[in-house]
>>> print(open('input_13.tsv').read())   # TSV, C-alpha atoms
chain	number	residue	atom	x	y	z
J	12	MET	CA	9.33	39.69	61.14
J	13	PRO	CA	11.45	37.93	58.44
J	14	PRO	CA	11.22	39.25	54.86
J	15	ARG	CA	8.62	37.54	52.73
J	16	CYS	CA	8.56	36.85	49.01
J	17	SER	CA	6.16	38.97	46.99
J	18	ILE	CA	4.94	35.89	45.09
J	19	LEU	CA	2.02	34.29	46.92
J	20	GLY	CA	3.43	35.67	50.20
J	21	VAL	CA	5.77	32.69	50.59
J	22	GLU	CA	9.13	32.98	52.36
J	23	PRO	CA	12.19	32.82	50.08
J	24	SER	CA	13.52	29.79	51.93
J	25	PHE	CA	10.54	27.79	50.70
J	26	TRP	CA	11.36	28.41	47.02
J	27	SER	CA	15.03	27.67	47.63
J	28	ASN	CA	14.25	24.31	49.25
J	29	TYR	CA	11.68	23.51	46.55
J	30	SER	CA	14.21	24.17	43.79
J	31	LYS	CA	16.82	22.00	45.50
J	32	CYS	CA	14.28	19.20	45.86
J	33	LEU	CA	13.43	19.26	42.14
J	34	SER	CA	17.12	19.26	41.25
J	35	LEU	CA	17.84	16.27	43.47
J	36	CYS	CA	14.86	14.35	42.06
J	37	TYR	CA	16.06	15.02	38.51
J	38	GLN	CA	19.61	13.91	39.31
J	39	ALA	CA	18.38	10.74	40.99
J	40	HIS	CA	16.16	9.94	38.01
J	41	SER	CA	18.97	10.60	35.52
J	42	SER	CA	21.45	8.47	37.49
J	43	GLU	CA	19.08	5.52	37.14
J	44	GLY	CA	19.19	5.87	33.36
J	45	GLY	CA	15.61	7.12	33.09
J	46	PRO	CA	14.37	9.61	30.49
J	47	ALA	CA	14.66	13.31	31.18
J	48	TYR	CA	11.04	14.06	30.22
J	49	ILE	CA	8.48	11.61	31.55
J	50	GLU	CA	5.33	13.64	30.89
J	51	PRO	CA	3.51	12.38	27.77
J	52	PRO	CA	3.61	14.57	24.66
J	53	LEU	CA	0.50	16.34	23.43
J	54	ALA	CA	1.33	15.67	19.77
J	55	THR	CA	3.29	13.35	17.45
J	56	TYR	CA	6.67	14.62	16.27
J	57	ILE	CA	8.90	13.56	13.39
J	58	VAL	CA	12.35	14.78	12.35
J	59	VAL	CA	12.95	15.50	8.66
J	60	VAL	CA	16.61	15.49	7.59
J	61	LYS	CA	17.64	17.16	4.33
J	62	PRO	CA	14.14	18.29	3.33
J	63	TRP	CA	13.25	18.21	-0.36
J	64	SER	CA	12.59	21.33	-2.46
J	65	VAL	CA	13.81	23.90	0.06
J	66	ALA	CA	16.83	26.18	0.33
J	67	SER	CA	19.93	24.10	1.04
J	68	SER	CA	21.17	26.45	3.75
J	69	PRO	CA	19.06	26.61	6.94
J	70	MET	CA	20.10	30.24	7.30
J	71	THR	CA	18.25	31.28	4.14
J	72	ARG	CA	15.05	29.27	4.54
J	73	LYS	CA	11.82	31.23	4.72
J	74	GLN	CA	8.14	30.59	5.45
J	75	VAL	CA	7.53	29.13	1.99
J	76	ASP	CA	10.21	26.48	2.60
J	77	TYR	CA	8.44	25.26	5.72
J	78	ASP	CA	5.13	25.36	3.85
J	79	ARG	CA	6.67	22.97	1.31
J	80	ILE	CA	8.04	20.62	3.97
J	81	ALA	CA	4.65	20.44	5.66
J	82	THR	CA	2.88	19.93	2.31
J	83	TRP	CA	5.21	17.05	1.43
J	84	VAL	CA	4.51	15.37	4.78
J	85	VAL	CA	0.75	15.78	4.34
J	86	TYR	CA	0.99	14.42	0.78
J	87	VAL	CA	2.71	11.23	1.96
J	88	LEU	CA	0.17	10.82	4.75
J	89	SER	CA	-2.68	11.32	2.28
J	90	GLU	CA	-1.27	8.60	0.01
J	91	ALA	CA	-1.08	6.19	2.95
J	92	ALA	CA	-4.45	7.08	4.49
J	93	ASN	CA	-7.62	5.13	3.93
J	94	SER	CA	-10.31	6.92	1.99
J	95	ASP	CA	-12.75	6.76	4.91
J	96	LYS	CA	-10.42	8.54	7.34
J	97	PRO	CA	-9.47	12.23	7.47
J	98	ILE	CA	-5.97	13.18	6.37
J	99	PRO	CA	-3.79	14.42	9.25
J	100	THR	CA	-2.26	17.85	8.81
J	101	ALA	CA	1.07	19.34	9.83
J	102	GLU	CA	0.39	21.62	12.77
J	103	CYS	CA	3.80	23.20	13.19
J	104	VAL	CA	7.37	23.10	11.84
J	105	TYR	CA	10.30	23.79	14.19
J	106	ARG	CA	13.67	24.96	12.93
J	107	MET	CA	17.08	26.11	14.11
J	108	ARG	CA	19.21	28.27	11.85
J	109	THR	CA	22.25	26.11	12.62
J	110	ARG	CA	20.66	22.71	11.91
J	111	ASP	CA	19.61	21.19	8.60
J	112	GLU	CA	16.94	18.94	10.12
J	113	VAL	CA	13.51	20.23	11.12
J	114	ILE	CA	10.85	18.91	13.50
J	115	VAL	CA	7.28	18.54	12.23
J	116	GLN	CA	4.42	18.42	14.71
J	117	LEU	CA	1.45	16.22	13.80
J	118	PRO	CA	-1.79	15.48	15.67
J	119	LEU	CA	-1.40	13.09	18.58
J	120	GLY	CA	-1.79	9.48	17.48
J	121	THR	CA	-0.94	10.07	13.80
J	122	SER	CA	0.33	6.88	12.14
J	123	ILE	CA	3.81	7.75	10.85
J	124	SER	CA	5.06	4.29	9.79
J	125	PHE	CA	4.73	5.17	6.10
J	126	LEU	CA	6.92	8.24	6.64
J	127	LEU	CA	9.82	6.60	8.49
J	128	GLY	CA	12.88	5.85	6.38
J	129	GLN	CA	14.83	7.16	3.41
J	130	HIS	CA	12.90	8.90	0.59
J	131	TYR	CA	14.99	9.07	-2.61
J	132	TRP	CA	14.12	12.11	-4.66
J	133	ALA	CA	14.55	10.27	-7.96
J	134	ASP	CA	11.81	7.85	-6.88
J	135	PHE	CA	9.06	10.27	-5.88
J	136	VAL	CA	9.68	13.54	-7.78
J	137	LYS	CA	7.49	13.84	-10.87
J	138	GLY	CA	9.54	14.77	-13.93
J	139	TRP	CA	12.86	14.05	-12.22
J	140	GLN	CA	15.63	15.45	-14.44
J	141	GLY	CA	18.64	13.87	-12.73
J	142	SER	CA	20.02	10.35	-12.82
J	143	PRO	CA	17.57	7.59	-11.83
J	144	SER	CA	20.22	6.28	-9.42
J	145	ALA	CA	20.83	9.66	-7.78
J	146	GLN	CA	21.45	9.42	-4.04
J	147	GLN	CA	19.77	12.67	-2.95
J	148	ALA	CA	17.26	11.68	-0.31
J	149	THR	CA	15.19	12.93	2.61
J	150	SER	CA	15.15	10.81	5.75
J	151	VAL	CA	12.40	10.82	8.38
J	152	SER	CA	12.62	9.52	11.95
J	153	GLU	CA	10.46	9.74	15.03
J	154	TYR	CA	11.43	12.50	17.46
J	155	ASN	CA	12.78	11.26	20.79
J	156	TRP	CA	10.46	13.13	23.13
J	157	ARG	CA	11.70	11.50	26.32
J	158	ASN	CA	15.26	12.66	25.71
J	159	ASN	CA	14.50	16.13	24.38
J	160	GLY	CA	11.03	17.22	25.50
J	161	ASP	CA	8.92	19.93	23.90
J	162	PRO	CA	11.00	21.57	21.12
J	163	ALA	CA	9.19	24.86	21.71
J	164	ASN	CA	10.93	25.03	25.10
J	165	HIS	CA	14.43	24.46	23.70
J	166	ASN	CA	15.09	27.37	21.35
J	167	TRP	CA	13.38	25.80	18.32
J	168	GLU	CA	11.65	28.49	16.27
J	169	GLU	CA	8.02	27.79	15.38
J	170	PHE	CA	6.52	28.11	11.90
J	171	PHE	CA	2.83	27.50	11.31
J	172	PRO	CA	2.59	26.25	7.73
J	173	ASP	CA	0.06	26.80	4.96
J	174	ILE	CA	-0.57	23.55	3.11
J	175	PHE	CA	-0.53	23.84	-0.69
J	176	PRO	CA	-3.21	22.06	-2.76
J	177	LEU	CA	-1.99	18.48	-2.99
J	178	ASP	CA	-2.79	18.22	-6.70
J	179	SER	CA	-0.30	21.04	-7.38
J	180	VAL	CA	2.65	19.18	-5.86
J	181	PRO	CA	4.99	17.54	-8.42
J	182	ILE	CA	5.09	14.14	-6.70
J	183	VAL	CA	4.21	10.77	-8.21
J	184	SER	CA	1.21	8.71	-7.19
J	185	PRO	CA	1.17	6.02	-5.90
J	186	TYR	CA	3.91	7.21	-3.59
J	187	PRO	CA	6.81	4.71	-3.29
J	188	PRO	CA	7.47	3.36	0.23
J	189	PRO	CA	10.70	4.65	1.81
J	190	SER	CA	13.77	2.51	2.39
J	191	TRP	CA	15.20	1.58	5.77
J	192	VAL	CA	18.19	3.63	6.86
J	193	LYS	CA	20.37	3.67	9.96
J	194	VAL	CA	20.11	6.78	12.09
J	195	PRO	CA	23.32	8.87	11.96
J	196	VAL	CA	25.47	8.84	15.07
J	197	THR	CA	24.94	12.57	15.50
J	198	LEU	CA	21.17	12.03	15.91
J	199	THR	CA	21.06	8.90	18.08
J	200	SER	CA	19.85	10.82	21.15
J	201	PHE	CA	17.65	13.12	19.10
J	202	VAL	CA	15.51	10.57	17.25
J	203	LEU	CA	14.32	7.01	17.74
J	204	PRO	CA	15.78	4.16	15.66
J	205	ILE	CA	13.83	3.28	12.53
J	206	PRO	CA	12.37	-0.23	12.86
J	207	ASN	CA	14.41	-2.62	10.75
J	208	LEU	CA	11.32	-4.38	9.45
J	209	PRO	CA	9.46	-4.35	6.14
J	210	ILE	CA	7.00	-1.47	6.15
J	211	PRO	CA	3.43	-2.80	5.87
J	212	SER	CA	1.61	-1.86	2.70
J	213	GLN	CA	-0.82	0.76	3.95
J	214	HIS	CA	-1.26	2.26	0.52
J	215	PRO	CA	-4.77	1.44	-0.75
J	216	LYS	CA	-3.67	2.06	-4.34
J	217	LEU	CA	-0.93	-0.55	-4.01
J	218	GLN	CA	-3.33	-3.27	-2.88
J	219	ARG	CA	-4.84	-3.85	-6.31
J	220	SER	CA	-4.62	-7.31	-7.84
J	221	GLN	CA	-1.49	-7.90	-9.92
J	222	ILE	CA	-0.49	-10.23	-12.72
J	223	THR	CA	3.02	-11.56	-13.41
J	224	LEU	CA	4.40	-11.61	-16.94
J	225	LYS	CA	7.51	-13.65	-17.78
J	226	GLU	CA	10.11	-12.53	-20.28
J	227	GLU	CA	11.44	-15.66	-21.96
J	228	ASP	CA	14.59	-13.95	-23.22
J	229	LYS	CA	15.78	-12.60	-19.88
J	230	GLY	CA	14.02	-14.94	-17.49
J	231	VAL	CA	12.91	-11.97	-15.37
J	232	ASP	CA	9.52	-11.54	-13.72
J	233	VAL	CA	7.92	-8.23	-14.55
J	234	THR	CA	4.96	-7.20	-12.37
J	235	LYS	CA	2.32	-4.91	-13.76
J	236	HIS	CA	-1.02	-3.70	-12.45
J	237	THR	CA	-4.10	-5.07	-14.12
J	238	SER	CA	-5.28	-1.49	-14.58
J	239	SER	CA	-2.32	-0.86	-16.92
J	240	LYS	CA	-3.39	-3.76	-19.13
J	241	THR	CA	-6.92	-2.40	-19.33
J	242	GLU	CA	-5.64	1.02	-20.37
J	243	MET	CA	-3.52	-0.54	-23.13
J	244	ASP	CA	-6.52	-2.51	-24.44
J	245	GLU	CA	-8.57	0.67	-24.70
J	246	ARG	CA	-5.96	2.59	-26.68
J	247	PRO	CA	-6.49	2.81	-30.47
J	248	SER	CA	-4.04	1.01	-32.75
J	249	ASN	CA	-1.42	2.80	-34.84
J	250	SER	CA	-3.45	2.38	-38.01
J	251	GLU	CA	-6.48	3.95	-36.36
J	252	LEU	CA	-4.39	6.87	-35.18
J	253	GLN	CA	-2.99	7.43	-38.67
J	254	SER	CA	-6.48	7.42	-40.18
J	255	LEU	CA	-7.57	10.07	-37.70
J	256	PHE	CA	-4.62	12.32	-38.48
J	257	LYS	CA	-5.08	14.93	-41.18
J	258	GLN	CA	-2.25	17.14	-42.26
J	259	TYR	CA	-2.92	20.81	-41.75
J	260	SER	CA	-3.32	22.94	-44.85
J	261	PRO	CA	-3.95	26.68	-44.43
J	262	PRO	CA	-6.95	28.27	-46.20
J	263	SER	CA	-6.47	30.39	-49.30
J	264	HIS	CA	-6.99	33.61	-47.37
J	265	HIS	CA	-4.33	32.62	-44.80
J	266	PRO	CA	-1.75	35.45	-44.44
J	267	SER	CA	1.60	34.58	-45.97
J	268	TYR	CA	3.53	35.92	-43.01
J	269	VAL	CA	1.98	33.48	-40.50
J	270	GLN	CA	4.30	30.54	-39.85
J	271	VAL	CA	2.76	27.11	-39.63
J	272	PRO	CA	4.46	24.89	-36.96
J	273	THR	CA	6.84	22.42	-38.59
J	274	LYS	CA	9.45	19.92	-37.45
J	275	SER	CA	12.08	22.65	-37.66
J	276	GLN	CA	10.78	23.98	-34.36
J	277	GLY	CA	11.89	20.84	-32.56
J	278	PRO	CA	15.16	22.32	-31.24
J	279	LYS	CA	13.20	25.12	-29.60
J	280	GLN	CA	11.17	22.59	-27.63
J	281	SER	CA	14.33	20.73	-26.64
J	282	GLU	CA	15.71	24.05	-25.34
J	283	GLN	CA	12.62	24.32	-23.13
J	284	LEU	CA	13.32	20.87	-21.72
J	285	LYS	CA	16.89	21.88	-20.93
J	286	MET	CA	15.60	24.85	-18.96
J	287	LEU	CA	13.63	22.50	-16.69
J	288	LYS	CA	16.85	21.41	-14.99
J	289	LYS	CA	17.38	24.97	-13.75
J	290	LEU	CA	13.87	25.50	-12.39
J	291	ASP	CA	12.32	24.89	-9.02
J	292	PRO	CA	10.74	21.40	-8.66
J	293	TYR	CA	7.34	22.92	-7.99
J	294	GLU	CA	7.59	25.02	-11.17
J	295	ILE	CA	8.67	21.96	-13.20
J	296	GLY	CA	5.44	20.23	-12.25
J	297	LYS	CA	3.45	23.12	-13.67
J	298	LEU	CA	5.49	23.43	-16.90
J	299	LEU	CA	5.27	19.72	-17.74
J	300	ILE	CA	1.51	20.12	-18.19
J	301	PHE	CA	1.99	22.50	-21.12
J	302	LEU	CA	4.93	20.83	-22.87
>>> encode(input="input_13.tsv", output="structure tokens")
Amino acid sequence: MPPRCSILGVEPSFWSNYSKCLSLCYQAHSSEGGPAYIEPPLATYIVVVKPWSVASSPMTRKQVDYDRIATWVVYVLSEAANSDKPIPTAECVYRMRTRDEVIVQLPLGTSISFLLGQHYWADFVKGWQGSPSAQQATSVSEYNWRNNGDPANHNWEEFFPDIFPLDSVPIVSPYPPPSWVKVPVTLTSFVLPIPNLPIPSQHPKLQRSQITLKEEDKGVDVTKHTSSKTEMDERPSNSELQSLFKQYSPPSHHPSYVQVPTKSQGPKQSEQLKMLKKLDPYEIGKLLIFL
């Protein structure tokens, strides 16, 4: 009797022929220019290049860095989502120690159009301390599933993130739409091209009625929200503010050694502002509340 395989009692020749058949089918499919992975994905995947507010070297990134990446993605999705729909969450973050970009897994069917493109840090970081024209940016593209398949099966390490409270993230609201950017040559087979079309305004906060004011001196149209005008109308005038202000005078029993805050303490506050440039962006958001 010929030897039999211990798995399911099937002869080894069967598995050998089966393996050859799969290999031939794959080669025939590839020679026709078809995708390598034809099974549909079970989730939506995006690729984040040069993530914001994380360690610059992929080798030194830790769990908290991937928590921040996932929180940023969820924040942008929350800004674009309608109030009557639940906010999608980031299910998983995939990384390689040798690659700067990461893959973020979202629920299947998540609308990612508001994420795709170039996100300039100077535009969306609250309390940005650098130049307004700084070119640091995070780019987001859709993962090319058909070329690359499930990242979990290709040596990508999985991190399951904890999402921070969105009100603790130092990001502006409304969130500015990203700019179109061409996919780098090194990623053309890894991601899908970003549609070269204006991104539709999905942001409910950006759909408010607007008024246009004309500056006669410069001949430039300046667009402002009507809500801004209402806030200005409700503010008290300078004369009203001055009448409400009373200069502080210590009581007679006030100890002589207690120093009353004066203008001379201004340089100390400016030193605090200088220290902001050396702090983590998340910490800057917290400190700005108390300055």
>>> residues_around(input="input_13.tsv", residues="Thr109 (chain J)", least_positions_apart="4", cutoff="9 Å", atoms="all atoms listed in the file", output="list in words")
Ser68, Pro69 and Met70 of chain J
>>> write_last_selection(input="input_13.tsv", atoms="C-alpha atoms", output="short mmCIF file (atom, residue, chain, number, x, y, z; two decimals), keeping the file's coordinate frame")
data_model
loop_
_atom_site.label_atom_id
_atom_site.label_comp_id
_atom_site.auth_asym_id
_atom_site.auth_seq_id
_atom_site.Cartn_x
_atom_site.Cartn_y
_atom_site.Cartn_z
CA SER J 68 21.17 26.45 3.75
CA PRO J 69 19.06 26.61 6.94
CA MET J 70 20.10 30.24 7.30
#
>>> closest_residue(input="input_13.tsv", among="J:Pro62, J:Pro99, J:Pro189, J:Pro204", to="Asn155 (chain J)", atoms="only C-alpha atoms")
J:Pro204
>>> residues_near_point(input="input_13.tsv", point="(10.0, 22.1, 22.0)", cutoff="12 Å", atoms="only C-alpha atoms", output="mmCIF file with C-alpha atoms, in the coordinates of the input")
data_model
loop_
_atom_site.group_PDB
_atom_site.id
_atom_site.type_symbol
_atom_site.label_atom_id
_atom_site.label_comp_id
_atom_site.auth_asym_id
_atom_site.auth_seq_id
_atom_site.Cartn_x
_atom_site.Cartn_y
_atom_site.Cartn_z
ATOM 1 C CA TYR J 48 11.040 14.060 30.220
ATOM 2 C CA PRO J 52 3.610 14.570 24.660
ATOM 3 C CA LEU J 53 0.500 16.340 23.430
ATOM 4 C CA ALA J 54 1.330 15.670 19.770
ATOM 5 C CA THR J 55 3.290 13.350 17.450
ATOM 6 C CA TYR J 56 6.670 14.620 16.270
ATOM 7 C CA CYS J 103 3.800 23.200 13.190
ATOM 8 C CA VAL J 104 7.370 23.100 11.840
ATOM 9 C CA TYR J 105 10.300 23.790 14.190
ATOM 10 C CA ARG J 106 13.670 24.960 12.930
ATOM 11 C CA MET J 107 17.080 26.110 14.110
ATOM 12 C CA VAL J 113 13.510 20.230 11.120
ATOM 13 C CA ILE J 114 10.850 18.910 13.500
ATOM 14 C CA VAL J 115 7.280 18.540 12.230
ATOM 15 C CA GLN J 116 4.420 18.420 14.710
ATOM 16 C CA TYR J 154 11.430 12.500 17.460
ATOM 17 C CA ASN J 155 12.780 11.260 20.790
ATOM 18 C CA TRP J 156 10.460 13.130 23.130
ATOM 19 C CA ARG J 157 11.700 11.500 26.320
ATOM 20 C CA ASN J 158 15.260 12.660 25.710
ATOM 21 C CA ASN J 159 14.500 16.130 24.380
ATOM 22 C CA GLY J 160 11.030 17.220 25.500
ATOM 23 C CA ASP J 161 8.920 19.930 23.900
ATOM 24 C CA PRO J 162 11.000 21.570 21.120
ATOM 25 C CA ALA J 163 9.190 24.860 21.710
ATOM 26 C CA ASN J 164 10.930 25.030 25.100
ATOM 27 C CA HIS J 165 14.430 24.460 23.700
ATOM 28 C CA ASN J 166 15.090 27.370 21.350
ATOM 29 C CA TRP J 167 13.380 25.800 18.320
ATOM 30 C CA GLU J 168 11.650 28.490 16.270
ATOM 31 C CA GLU J 169 8.020 27.790 15.380
#
>>> residues_around(input="input_13.tsv", residues="Val202 (chain J)", least_positions_apart="4", cutoff="8 Å", atoms="all atoms listed in the file", output="JSON, numbers by chain")
{"J": [58, 152, 153, 154, 155, 194, 198]}
>>> atom_distance(input="input_13.tsv", atom1="CA of Ser190 (chain J)", atom2="CA of Leu177 (chain J)")
23.1 Å
>>> atom_distance(input="input_13.tsv", atom1="CA of Val183 (chain J)", atom2="CA of Lys137 (chain J)")
5.2 Å
>>> closest_residue(input="input_13.tsv", among="J:Tyr186, J:Gly141, J:Asp173, J:Tyr131", to="Leu88 (chain J)", atoms="only C-alpha atoms")
J:Tyr186
>>> closest_residue(input="input_13.tsv", among="J:Trp191, J:Val85, J:Pro51, J:Pro185", to="Phe135 (chain J)", atoms="only C-alpha atoms")
J:Pro185
>>> axis_aligned_box(input="input_13.tsv", around="region 157-170 of chain J", padding_each_side="4 Å", output="lines of an AutoDock Vina configuration file")
center_x = 10.9
center_y = 20.0
center_z = 19.1
size_x = 16.7
size_y = 25.0
size_z = 22.4
>>> atom_distance(input="input_13.tsv", atom1="CA of Ala133 (chain J)", atom2="CA of Val87 (chain J)")
15.5 Å
>>> residues_around(input="input_13.tsv", residues="Trp83 (chain J)", least_positions_apart="2", cutoff="10 Å", atoms="only C-alpha atoms", output="PDB file with C-alpha atoms, keeping the file's coordinate frame")
ATOM      1  CA  PRO J  62      14.140  18.290   3.330  1.00  0.00           C
ATOM      2  CA  TRP J  63      13.250  18.210  -0.360  1.00  0.00           C
ATOM      3  CA  SER J  64      12.590  21.330  -2.460  1.00  0.00           C
ATOM      4  CA  TYR J  77       8.440  25.260   5.720  1.00  0.00           C
ATOM      5  CA  ASP J  78       5.130  25.360   3.850  1.00  0.00           C
ATOM      6  CA  ARG J  79       6.670  22.970   1.310  1.00  0.00           C
ATOM      7  CA  ILE J  80       8.040  20.620   3.970  1.00  0.00           C
ATOM      8  CA  ALA J  81       4.650  20.440   5.660  1.00  0.00           C
ATOM      9  CA  VAL J  85       0.750  15.780   4.340  1.00  0.00           C
ATOM     10  CA  TYR J  86       0.990  14.420   0.780  1.00  0.00           C
ATOM     11  CA  VAL J  87       2.710  11.230   1.960  1.00  0.00           C
ATOM     12  CA  LEU J  88       0.170  10.820   4.750  1.00  0.00           C
ATOM     13  CA  SER J  89      -2.680  11.320   2.280  1.00  0.00           C
ATOM     14  CA  ALA J 101       1.070  19.340   9.830  1.00  0.00           C
ATOM     15  CA  ILE J 174      -0.570  23.550   3.110  1.00  0.00           C
ATOM     16  CA  PHE J 175      -0.530  23.840  -0.690  1.00  0.00           C
ATOM     17  CA  LEU J 177      -1.990  18.480  -2.990  1.00  0.00           C
ATOM     18  CA  VAL J 180       2.650  19.180  -5.860  1.00  0.00           C
ATOM     19  CA  PRO J 181       4.990  17.540  -8.420  1.00  0.00           C
ATOM     20  CA  ILE J 182       5.090  14.140  -6.700  1.00  0.00           C
TER      21      ILE J 182
END
>>> closest_residue(input="input_13.tsv", among="J:Ser67, J:Gln129, J:Thr149, J:Thr82", to="Ile205 (chain J)", atoms="all atoms listed in the file")
J:Gln129
>>> closest_residue(input="input_13.tsv", among="J:Asp178, J:Pro172, J:Leu126, J:Ala145", to="Lys73 (chain J)", atoms="all atoms listed in the file")
J:Pro172
